[in-house]
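The structure appears right after this line, and notes come after that.
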Amino acid sequence: MREDFVAKTLLPVDNIKMITFDDFKKLDIRVGKILSAEKVSGRDKLMKLEVDFGAEKRQMIAGIAQFFEPDHLIGKEIPVLLNLEPRSFKGIESQGMILAIDVDGEPVLFHPEREVPPGSVIR
């Protein structure tokens with residue numbers, strides 16, 4: 001294992017800004033299934049995703065286009081923060097934020113160990 005990776009990973013966590021349990025309970029994180037993915041024209045980093053949450057589908061913009069091909073993402077189940085205020089990127093509204101692991105500046109997607117229904121709550 002690379003020593004620089006281990007050093008970054010094992011940094012002390014005493015500088016983390018703490019939140020209350022009540023703050024944590026405000027987060028609505030659910031599993032969504034990616035139905036479609038396409039790179040945003042004119043933006044090297046942005047990918048437009050359509051994600052199924054069972055009762056509804058949402059559009060999200062994610063800065064992952066440099067790391068994944070659209071076909072690789074379709075059908076993946078991913079954790080998404082749903083109750084984040086919508087934000088526009090190049091005139092396209094994003095209605096949530098996918099959660100990914102940051103490894104040396106590159107996103108690593110994580111998934112449930114088995115298939116779960118779209119919209120399942122993460123606690």
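By convention here, the chains of the structure tokens are called A, B, ... in the order presented, each chain's residues are numbered starting at 1, and ligands are numbered starting at 1 in the order presented.
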Original post:
Which residues, written as JSON, numbers by chain, have at least one atom at most 12 Å from Arg114 (chain A), with only C-alpha atoms counted and residues fewer than 4 positions away on the same chain left out?
Top reply: {"A": [31, 76, 77, 78, 110]}
Save the residues we just selected, N, CA and C atoms, as a PDB file, in the first residue's frame?
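The new file result.pdb reads:
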ATOM      1  N   VAL A  31     -30.919   5.529  -1.207  1.00  0.00           N
ATOM      2  CA  VAL A  31     -30.323   4.822  -2.332  1.00  0.00           C
ATOM      3  C   VAL A  31     -31.143   5.129  -3.583  1.00  0.00           C
ATOM      4  N   LYS A  76     -26.361   1.383 -11.643  1.00  0.00           N
ATOM      5  CA  LYS A  76     -25.699   1.397 -10.340  1.00  0.00           C
ATOM      6  C   LYS A  76     -26.628   1.968  -9.276  1.00  0.00           C
ATOM      7  N   GLU A  77     -26.552   1.405  -8.076  1.00  0.00           N
ATOM      8  CA  GLU A  77     -27.255   1.940  -6.917  1.00  0.00           C
ATOM      9  C   GLU A  77     -26.252   2.773  -6.124  1.00  0.00           C
ATOM     10  N   ILE A  78     -26.644   4.011  -5.810  1.00  0.00           N
ATOM     11  CA  ILE A  78     -25.722   4.939  -5.155  1.00  0.00           C
ATOM     12  C   ILE A  78     -26.429   5.684  -4.023  1.00  0.00           C
ATOM     13  N   PHE A 110     -19.678   3.989  -4.043  1.00  0.00           N
ATOM     14  CA  PHE A 110     -19.949   2.822  -3.214  1.00  0.00           C
ATOM     15  C   PHE A 110     -21.406   2.452  -3.320  1.00  0.00           C
TER      16      PHE A 110
END
**OP:** Go through region 31-81 of chain A and collect every residue that DSSP, computed from the backbone, puts in helix (DSSP H, G or I); the answer should be as a ChimeraX atom specification.
**Re:** /A:70-73
**OP:** Would you work out the distance separating CA of Gly105 (chain A) from CA of Phe53 (chain A), expressed in Å to one decimal?
**Re:**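 Those two atoms sit 27.9 Å apart.
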Original post:
DSSP says strand (DSSP E or B) for which residues of region 34-85 of chain A? Put them as an NGL selection string?
Top reply: :A and (34-39 or 47-52 or 57-62 or 77-81)
Original post:
Which is closer to Leu84 (chain A) than all the others in A:Asp14, A:Lys45, A:Lys39, A:Ile29, using only C-alpha atoms?
Top reply: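 Ranking A:Asp14, A:Lys45, A:Lys39, A:Ile29 by distance to Leu84 (chain A), first place goes to A:Ile29.
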**OP:** May I have the residues within 12 Å of Ile61 (chain A) as a PyMOL selection string, using only C-alpha atoms and disregarding those fewer than 3 positions away in the same chain?
**Re:** chain A and resi 36-40+43+45-51+58+64-65+80+86-98
Subject >> Minimum-distance residue to Leu109 (chain A), chosen among A:Ala55, A:Ala62, A:Pro12, A:Asp22 (using only C-alpha atoms) >> reply: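 Residue with the minimum atom-to-atom distance to Leu109 (chain A): A:Ala62.
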**OP:** Mind checking which residues fall within 12 Å of Pro112 (chain A), counting only C-alpha atoms, ignoring those fewer than 4 positions away in the same chain, and posting them as an MDAnalysis selection string?
**Re:** chainID A and resid 30:33 76:79 116:118 120:122
I need the residues from that last selection saved to file as a compact mmCIF listing (two decimals), in the first residue's frame (with N, CA and C atoms), if you can.
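See again-v3.txt below for the written result:
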# COMPACT_ATOMS: atom_id res chain seq x y z
N ARG A 30 -30.69 8.60 0.70
CA ARG A 30 -31.37 7.40 0.21
C ARG A 30 -30.60 6.77 -0.94
N VAL A 31 -30.92 5.53 -1.21
CA VAL A 31 -30.32 4.82 -2.33
C VAL A 31 -31.14 5.13 -3.58
N GLY A 32 -30.43 5.53 -4.62
CA GLY A 32 -31.06 5.76 -5.91
C GLY A 32 -30.42 4.87 -6.96
N LYS A 33 -31.18 4.52 -7.98
CA LYS A 33 -30.66 3.70 -9.08
C LYS A 33 -30.52 4.58 -10.31
N LYS A 76 -26.36 1.38 -11.64
CA LYS A 76 -25.70 1.40 -10.34
C LYS A 76 -26.63 1.97 -9.28
N GLU A 77 -26.55 1.41 -8.08
CA GLU A 77 -27.26 1.94 -6.92
C GLU A 77 -26.25 2.77 -6.12
N ILE A 78 -26.64 4.01 -5.81
CA ILE A 78 -25.72 4.94 -5.16
C ILE A 78 -26.43 5.68 -4.02
N PRO A 79 -25.67 6.12 -3.02
CA PRO A 79 -26.26 6.96 -1.97
C PRO A 79 -26.36 8.41 -2.45
N VAL A 116 -31.12 -3.26 -3.36
CA VAL A 116 -32.16 -2.77 -2.45
C VAL A 116 -33.17 -1.96 -3.26
N PRO A 117 -34.39 -1.80 -2.74
CA PRO A 117 -35.37 -1.01 -3.48
C PRO A 117 -34.93 0.45 -3.63
N PRO A 118 -35.14 1.04 -4.81
CA PRO A 118 -34.84 2.47 -4.97
C PRO A 118 -35.61 3.28 -3.93
N SER A 120 -34.61 3.47 -0.75
CA SER A 120 -34.33 2.96 0.59
C SER A 120 -33.54 4.00 1.38
N VAL A 121 -33.94 4.19 2.63
CA VAL A 121 -33.32 5.20 3.50
C VAL A 121 -32.01 4.67 4.06
N ILE A 122 -30.99 5.53 4.06
CA ILE A 122 -29.70 5.21 4.69
C ILE A 122 -29.70 5.86 6.05
Original post:
Suppose you want the space between CA of Glu115 (chain A) and CA of His72 (chain A); what is it in Å?
Top reply: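 We find that CA of Glu115 (chain A) and CA of His72 (chain A) lie 16.9 Å from each other.
Put simply, CA of Ile16 (chain A) is 28.1 Å away from CA of Glu113 (chain A).
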